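**Q** Pasting in a structure now, in structure tokens, and then I'll have a few things to ask.
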Amino acid sequence: MFDKLKAMGAVANLMKNQEGLKVAAARVREKMENTRVNGEAGSGAARAVVTGTLKVISVELSPALVGGMNADERTRQLASGLIAEAVNDAMKHAQLKIKEAIEVEAKAMGLDGMLPDLTALTGG
């Protein structure tokens, strides 16, 4: 019962402090725009860099993988799969960074432990 009252109080404070909420959201957005995370697949044969806003910045392929792509269709399919895995790995790391940034701001606003599980929202 006290948890519900605490949550109701926090929501009421948020309604009063909409400007603070906007500022916190802007801080999260700016932090995520400046965040870079790496993902990889095939023991580093394919690497991807993604921002905290889930924008792919770069994809790098090892020379051996690139050389093999000319060899046959099977290697091209392998390379394609490794690229996808590396990008997905980087996206997963970026989503965790988003979740962490939101949780930090929520805690600063007195909402620690009151936000719903962000796993579904961040794809985790």
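By order of appearance in the structure tokens: chains A, B, ..., then residues from 1 within every chain, and ligands from 1 in the order shown.
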Name the residues of segment 14-96 of chain A that come out as alpha helix (DSSP H) in a backbone DSSP run; write them as an MDAnalysis selection string.
**A** chainID A and resid 14:16 18:33 63:69 73:96
**Q** Would you save the residues of that selection, restricted to N, CA and C atoms, as a compact mmCIF listing (two decimals), in the first residue's frame?
**A**
# COMPACT_ATOMS: atom_id res chain seq x y z
N LEU A 14 5.88 14.55 -10.81
CA LEU A 14 6.24 14.63 -12.23
C LEU A 14 5.30 15.56 -12.99
N MET A 15 4.03 15.46 -12.66
CA MET A 15 3.05 16.31 -13.33
C MET A 15 3.34 17.79 -13.04
N LYS A 16 3.80 18.07 -11.84
CA LYS A 16 4.14 19.44 -11.47
C LYS A 16 5.46 19.85 -12.11
N GLN A 18 6.94 19.07 -15.17
CA GLN A 18 7.05 18.64 -16.56
C GLN A 18 8.29 19.21 -17.23
N GLU A 19 8.68 20.41 -16.84
CA GLU A 19 9.89 21.00 -17.41
C GLU A 19 11.12 20.17 -17.03
N GLY A 20 11.17 19.72 -15.77
CA GLY A 20 12.27 18.87 -15.33
C GLY A 20 12.32 17.57 -16.11
N LEU A 21 11.14 17.03 -16.41
CA LEU A 21 11.06 15.80 -17.20
C LEU A 21 11.59 16.03 -18.61
N LYS A 22 11.25 17.18 -19.20
CA LYS A 22 11.74 17.51 -20.54
C LYS A 22 13.26 17.66 -20.53
N VAL A 23 13.78 18.29 -19.49
CA VAL A 23 15.23 18.49 -19.38
C VAL A 23 15.93 17.14 -19.23
N ALA A 24 15.36 16.26 -18.41
CA ALA A 24 15.94 14.92 -18.23
C ALA A 24 15.93 14.15 -19.54
N ALA A 25 14.83 14.25 -20.28
CA ALA A 25 14.74 13.55 -21.57
C ALA A 25 15.78 14.11 -22.54
N ALA A 26 15.98 15.41 -22.51
CA ALA A 26 16.99 16.02 -23.39
C ALA A 26 18.39 15.55 -23.02
N ARG A 27 18.65 15.40 -21.71
CA ARG A 27 19.96 14.91 -21.27
C ARG A 27 20.19 13.49 -21.76
N VAL A 28 19.16 12.65 -21.65
CA VAL A 28 19.28 11.26 -22.13
C VAL A 28 19.53 11.26 -23.63
N ARG A 29 18.77 12.05 -24.36
CA ARG A 29 18.92 12.10 -25.82
C ARG A 29 20.33 12.54 -26.21
N GLU A 30 20.83 13.60 -25.56
CA GLU A 30 22.17 14.09 -25.88
C GLU A 30 23.24 13.06 -25.53
N LYS A 31 23.08 12.43 -24.38
CA LYS A 31 24.04 11.41 -23.99
C LYS A 31 24.05 10.27 -25.00
N MET A 32 22.89 9.86 -25.45
CA MET A 32 22.81 8.75 -26.39
C MET A 32 23.35 9.13 -27.77
N GLU A 33 23.18 10.39 -28.16
CA GLU A 33 23.73 10.83 -29.44
C GLU A 33 25.25 10.78 -29.41
N PRO A 63 40.22 -8.43 -43.43
CA PRO A 63 40.72 -8.66 -44.80
C PRO A 63 40.46 -10.09 -45.28
N ALA A 64 40.59 -11.05 -44.39
CA ALA A 64 40.37 -12.44 -44.79
C ALA A 64 38.92 -12.65 -45.22
N LEU A 65 37.99 -12.05 -44.49
CA LEU A 65 36.57 -12.19 -44.84
C LEU A 65 36.29 -11.51 -46.17
N VAL A 66 36.84 -10.32 -46.36
CA VAL A 66 36.63 -9.59 -47.61
C VAL A 66 37.22 -10.38 -48.78
N GLY A 67 38.42 -10.91 -48.59
CA GLY A 67 39.04 -11.70 -49.66
C GLY A 67 38.24 -12.94 -50.00
N GLY A 68 37.68 -13.56 -49.01
CA GLY A 68 36.88 -14.76 -49.23
C GLY A 68 35.55 -14.49 -49.89
N MET A 69 35.06 -13.26 -49.77
CA MET A 69 33.76 -12.92 -50.37
C MET A 69 33.80 -13.03 -51.89
N GLU A 73 29.79 -18.07 -53.31
CA GLU A 73 28.50 -17.63 -52.76
C GLU A 73 28.38 -17.97 -51.28
N ARG A 74 28.87 -19.13 -50.90
CA ARG A 74 28.78 -19.56 -49.49
C ARG A 74 29.49 -18.57 -48.56
N THR A 75 30.66 -18.10 -48.97
CA THR A 75 31.41 -17.14 -48.17
C THR A 75 30.69 -15.79 -48.13
N ARG A 76 30.06 -15.40 -49.22
CA ARG A 76 29.28 -14.16 -49.23
C ARG A 76 28.11 -14.25 -48.26
N GLN A 77 27.46 -15.40 -48.23
CA GLN A 77 26.35 -15.59 -47.29
C GLN A 77 26.85 -15.57 -45.86
N LEU A 78 28.00 -16.18 -45.62
CA LEU A 78 28.60 -16.16 -44.29
C LEU A 78 28.91 -14.73 -43.87
N ALA A 79 29.49 -13.96 -44.78
CA ALA A 79 29.83 -12.56 -44.49
C ALA A 79 28.57 -11.75 -44.18
N SER A 80 27.54 -11.97 -44.95
CA SER A 80 26.27 -11.28 -44.72
C SER A 80 25.72 -11.58 -43.34
N GLY A 81 25.77 -12.83 -42.95
CA GLY A 81 25.30 -13.23 -41.62
C GLY A 81 26.15 -12.63 -40.52
N LEU A 82 27.47 -12.59 -40.72
CA LEU A 82 28.36 -12.01 -39.72
C LEU A 82 28.12 -10.51 -39.57
N ILE A 83 27.88 -9.83 -40.66
CA ILE A 83 27.58 -8.40 -40.60
C ILE A 83 26.30 -8.17 -39.79
N ALA A 84 25.28 -8.94 -40.10
CA ALA A 84 24.02 -8.81 -39.36
C ALA A 84 24.22 -9.09 -37.87
N GLU A 85 24.98 -10.12 -37.55
CA GLU A 85 25.24 -10.45 -36.15
C GLU A 85 26.00 -9.33 -35.44
N ALA A 86 27.00 -8.76 -36.11
CA ALA A 86 27.77 -7.68 -35.51
C ALA A 86 26.90 -6.45 -35.25
N VAL A 87 26.06 -6.10 -36.21
CA VAL A 87 25.17 -4.95 -36.04
C VAL A 87 24.17 -5.23 -34.91
N ASN A 88 23.61 -6.42 -34.89
CA ASN A 88 22.67 -6.76 -33.82
C ASN A 88 23.34 -6.76 -32.45
N ASP A 89 24.58 -7.21 -32.38
CA ASP A 89 25.32 -7.18 -31.13
C ASP A 89 25.53 -5.73 -30.66
N ALA A 90 25.91 -4.86 -31.57
CA ALA A 90 26.09 -3.45 -31.23
C ALA A 90 24.77 -2.82 -30.79
N MET A 91 23.70 -3.15 -31.48
CA MET A 91 22.37 -2.62 -31.12
C MET A 91 21.98 -3.05 -29.70
N LYS A 92 22.27 -4.29 -29.37
CA LYS A 92 21.97 -4.79 -28.02
C LYS A 92 22.73 -3.98 -26.98
N HIS A 93 23.99 -3.71 -27.24
CA HIS A 93 24.79 -2.92 -26.31
C HIS A 93 24.26 -1.49 -26.20
N ALA A 94 23.84 -0.92 -27.32
CA ALA A 94 23.29 0.44 -27.33
C ALA A 94 21.99 0.48 -26.53
N GLN A 95 21.15 -0.53 -26.69
CA GLN A 95 19.89 -0.57 -25.95
C GLN A 95 20.14 -0.65 -24.45
N LEU A 96 21.15 -1.35 -24.04
CA LEU A 96 21.50 -1.40 -22.62
C LEU A 96 21.96 -0.03 -22.12
**Q** Can you work out the spacing between atom CA of Glu103 of chain A and atom CA of Ala48 of chain A in Å, to one decimal?
**A**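 About the pair atom CA of Glu103 of chain A and atom CA of Ala48 of chain A: they are 25.6 Å apart.
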**Q** What separation in Å, quoted to one decimal, exists between atom CA of Met109 of chain A and atom CA of Gly52 of chain A?
**A** 21.6 Å
**Q** Determine which residues of segment 32-124 of chain A receive a DSSP assignment of strand (DSSP E or B), computed from the backbone, and state them as a ChimeraX atom specification.
**A** /A:36-41,46-51,56-61
**Q** What is the atom CA of Ser62 of chain A-atom CA of Val37 of chain A distance in Å, reported with one decimal?
**A**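 Between atom CA of Ser62 of chain A and atom CA of Val37 of chain A the gap is 18.6 Å.
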**Q** Here is a test: counting only C-alpha atoms, which residue of A:Ala106, A:Asn17, A:Arg36, A:Leu111 is nearest to Lys55 of chain A?
**A** A:Arg36
